[in-house]
Amino acid sequence: MSTTVAIILAGAVLTYLTRAGGHMVLSRFERIHPRVEAALNAVPAAVLTTLVAPAVYHGGPAEIGALLIAGIVALRASMMTMFLSGAAVLILLRYLLH
């Protein structure tokens, strides 16, 4: 087995254990405190920010354009439509600008 495959498998196992462990811990409580629930609800936005921020900071015109289009589409359409339109614009702009 190559090192790359081993790293991917280890990452998959650890991701699963993290998610399953969180579920097992939270399932032991009858009620979750509102502050804990608010913090858990903020996690997806925080993760998305950590993925998008480097592209904004280090990205070129193609990345910035794709982020702008995706942001505009996100105001009116679903998450999948936003993702696909951002990816399509990124691919198109990278092709045209390079």
# chains A, B, ... in the order shown; residues from 1 in each chain; ligands from 1
call {"tool": "residues_around", "arguments": {"residues": "Phe83 in chain A", "least_positions_apart": "5", "cutoff": "12 Å", "atoms": "only C-alpha atoms", "output": "list in words"}}
result
Leu48, Ala66, Leu67, Leu68, Ile69, Ala70, Gly71, Ile72, Val73, Ala74, Ala77, Ser78, Ala88, Val89 and Leu90 of chain A
call {"tool": "write_last_selection", "arguments": {"atoms": "N, CA and C atoms", "output": "PDB file, in the first residue's frame"}}
result
ATOM      1  N   LEU A  48     -16.428  26.587   6.324  1.00  0.00           N
ATOM      2  CA  LEU A  48     -16.478  27.166   4.980  1.00  0.00           C
ATOM      3  C   LEU A  48     -15.563  28.380   4.882  1.00  0.00           C
ATOM      4  N   ALA A  66     -14.811  33.918  -9.356  1.00  0.00           N
ATOM      5  CA  ALA A  66     -15.652  32.771  -9.015  1.00  0.00           C
ATOM      6  C   ALA A  66     -16.315  32.958  -7.650  1.00  0.00           C
ATOM      7  N   LEU A  67     -15.575  33.510  -6.695  1.00  0.00           N
ATOM      8  CA  LEU A  67     -16.155  33.755  -5.372  1.00  0.00           C
ATOM      9  C   LEU A  67     -17.264  34.804  -5.434  1.00  0.00           C
ATOM     10  N   LEU A  68     -17.060  35.830  -6.244  1.00  0.00           N
ATOM     11  CA  LEU A  68     -18.105  36.857  -6.379  1.00  0.00           C
ATOM     12  C   LEU A  68     -19.377  36.283  -7.003  1.00  0.00           C
ATOM     13  N   ILE A  69     -19.201  35.516  -8.071  1.00  0.00           N
ATOM     14  CA  ILE A  69     -20.367  34.907  -8.729  1.00  0.00           C
ATOM     15  C   ILE A  69     -21.069  33.936  -7.778  1.00  0.00           C
ATOM     16  N   ALA A  70     -20.286  33.113  -7.083  1.00  0.00           N
ATOM     17  CA  ALA A  70     -20.881  32.161  -6.143  1.00  0.00           C
ATOM     18  C   ALA A  70     -21.626  32.899  -5.036  1.00  0.00           C
ATOM     19  N   GLY A  71     -21.082  34.006  -4.564  1.00  0.00           N
ATOM     20  CA  GLY A  71     -21.760  34.785  -3.536  1.00  0.00           C
ATOM     21  C   GLY A  71     -23.069  35.374  -4.021  1.00  0.00           C
ATOM     22  N   ILE A  72     -23.081  35.858  -5.239  1.00  0.00           N
ATOM     23  CA  ILE A  72     -24.318  36.409  -5.809  1.00  0.00           C
ATOM     24  C   ILE A  72     -25.353  35.311  -6.010  1.00  0.00           C
ATOM     25  N   VAL A  73     -24.932  34.174  -6.535  1.00  0.00           N
ATOM     26  CA  VAL A  73     -25.855  33.058  -6.757  1.00  0.00           C
ATOM     27  C   VAL A  73     -26.396  32.533  -5.417  1.00  0.00           C
ATOM     28  N   ALA A  74     -25.565  32.565  -4.375  1.00  0.00           N
ATOM     29  CA  ALA A  74     -25.987  32.065  -3.061  1.00  0.00           C
ATOM     30  C   ALA A  74     -27.144  32.869  -2.483  1.00  0.00           C
ATOM     31  N   ALA A  77     -30.174  31.109  -4.902  1.00  0.00           N
ATOM     32  CA  ALA A  77     -30.287  29.702  -5.312  1.00  0.00           C
ATOM     33  C   ALA A  77     -29.835  28.767  -4.195  1.00  0.00           C
ATOM     34  N   SER A  78     -29.917  27.496  -4.483  1.00  0.00           N
ATOM     35  CA  SER A  78     -29.540  26.481  -3.511  1.00  0.00           C
ATOM     36  C   SER A  78     -28.028  26.374  -3.392  1.00  0.00           C
ATOM     37  N   ALA A  88     -17.898  26.345 -12.163  1.00  0.00           N
ATOM     38  CA  ALA A  88     -17.915  26.585 -13.612  1.00  0.00           C
ATOM     39  C   ALA A  88     -17.229  27.896 -13.956  1.00  0.00           C
ATOM     40  N   VAL A  89     -17.499  28.937 -13.183  1.00  0.00           N
ATOM     41  CA  VAL A  89     -16.864  30.233 -13.442  1.00  0.00           C
ATOM     42  C   VAL A  89     -15.369  30.138 -13.199  1.00  0.00           C
ATOM     43  N   LEU A  90     -14.960  29.438 -12.164  1.00  0.00           N
ATOM     44  CA  LEU A  90     -13.529  29.276 -11.883  1.00  0.00           C
ATOM     45  C   LEU A  90     -12.830  28.562 -13.031  1.00  0.00           C
TER      46      LEU A  90
END
call {"tool": "atom_distance", "arguments": {"atom1": "CA of His23 in chain A", "atom2": "CA of Arg35 in chain A"}}
result
17.3 Å
call {"tool": "select_by_dssp", "arguments": {"residues": "chain A", "states": "alpha helix (DSSP H)", "output": "ChimeraX atom specification"}}
result
/A:3-27,34-58,61-74,79-97
call {"tool": "decode", "arguments": {"residues": "range 51-62 of chain A", "atoms": "N, CA and C atoms", "output": "PDB file, in the first residue's frame"}}
result
ATOM      1  N   LEU A  51     -12.008  27.427   4.408  1.00  0.00           N
ATOM      2  CA  LEU A  51     -11.725  26.928   3.066  1.00  0.00           C
ATOM      3  C   LEU A  51     -11.679  28.049   2.033  1.00  0.00           C
ATOM      4  N   VAL A  52     -12.504  29.075   2.221  1.00  0.00           N
ATOM      5  CA  VAL A  52     -12.618  30.143   1.232  1.00  0.00           C
ATOM      6  C   VAL A  52     -11.588  31.244   1.464  1.00  0.00           C
ATOM      7  N   ALA A  53     -11.254  31.519   2.707  1.00  0.00           N
ATOM      8  CA  ALA A  53     -10.359  32.640   3.022  1.00  0.00           C
ATOM      9  C   ALA A  53      -9.016  32.572   2.302  1.00  0.00           C
ATOM     10  N   PRO A  54      -8.340  31.423   2.242  1.00  0.00           N
ATOM     11  CA  PRO A  54      -7.068  31.398   1.498  1.00  0.00           C
ATOM     12  C   PRO A  54      -7.236  31.717   0.012  1.00  0.00           C
ATOM     13  N   ALA A  55      -8.328  31.309  -0.574  1.00  0.00           N
ATOM     14  CA  ALA A  55      -8.564  31.609  -1.994  1.00  0.00           C
ATOM     15  C   ALA A  55      -8.765  33.105  -2.205  1.00  0.00           C
ATOM     16  N   VAL A  56      -9.390  33.753  -1.243  1.00  0.00           N
ATOM     17  CA  VAL A  56      -9.581  35.200  -1.353  1.00  0.00           C
ATOM     18  C   VAL A  56      -8.250  35.918  -1.170  1.00  0.00           C
ATOM     19  N   TYR A  57      -7.474  35.468  -0.208  1.00  0.00           N
ATOM     20  CA  TYR A  57      -6.219  36.142   0.118  1.00  0.00           C
ATOM     21  C   TYR A  57      -5.139  35.895  -0.934  1.00  0.00           C
ATOM     22  N   HIS A  58      -5.012  34.667  -1.378  1.00  0.00           N
ATOM     23  CA  HIS A  58      -3.936  34.308  -2.307  1.00  0.00           C
ATOM     24  C   HIS A  58      -4.409  34.151  -3.747  1.00  0.00           C
ATOM     25  N   GLY A  59      -5.680  34.225  -3.983  1.00  0.00           N
ATOM     26  CA  GLY A  59      -6.211  33.951  -5.314  1.00  0.00           C
ATOM     27  C   GLY A  59      -5.977  35.078  -6.291  1.00  0.00           C
ATOM     28  N   GLY A  60      -6.040  34.691  -7.529  1.00  0.00           N
ATOM     29  CA  GLY A  60      -5.916  35.653  -8.611  1.00  0.00           C
ATOM     30  C   GLY A  60      -7.294  36.101  -9.066  1.00  0.00           C
ATOM     31  N   PRO A  61      -7.363  36.704 -10.240  1.00  0.00           N
ATOM     32  CA  PRO A  61      -8.640  37.205 -10.742  1.00  0.00           C
ATOM     33  C   PRO A  61      -9.676  36.099 -10.978  1.00  0.00           C
ATOM     34  N   ALA A  62      -9.230  34.919 -11.370  1.00  0.00           N
ATOM     35  CA  ALA A  62     -10.180  33.825 -11.607  1.00  0.00           C
ATOM     36  C   ALA A  62     -10.854  33.403 -10.301  1.00  0.00           C
TER      37      ALA A  62
END
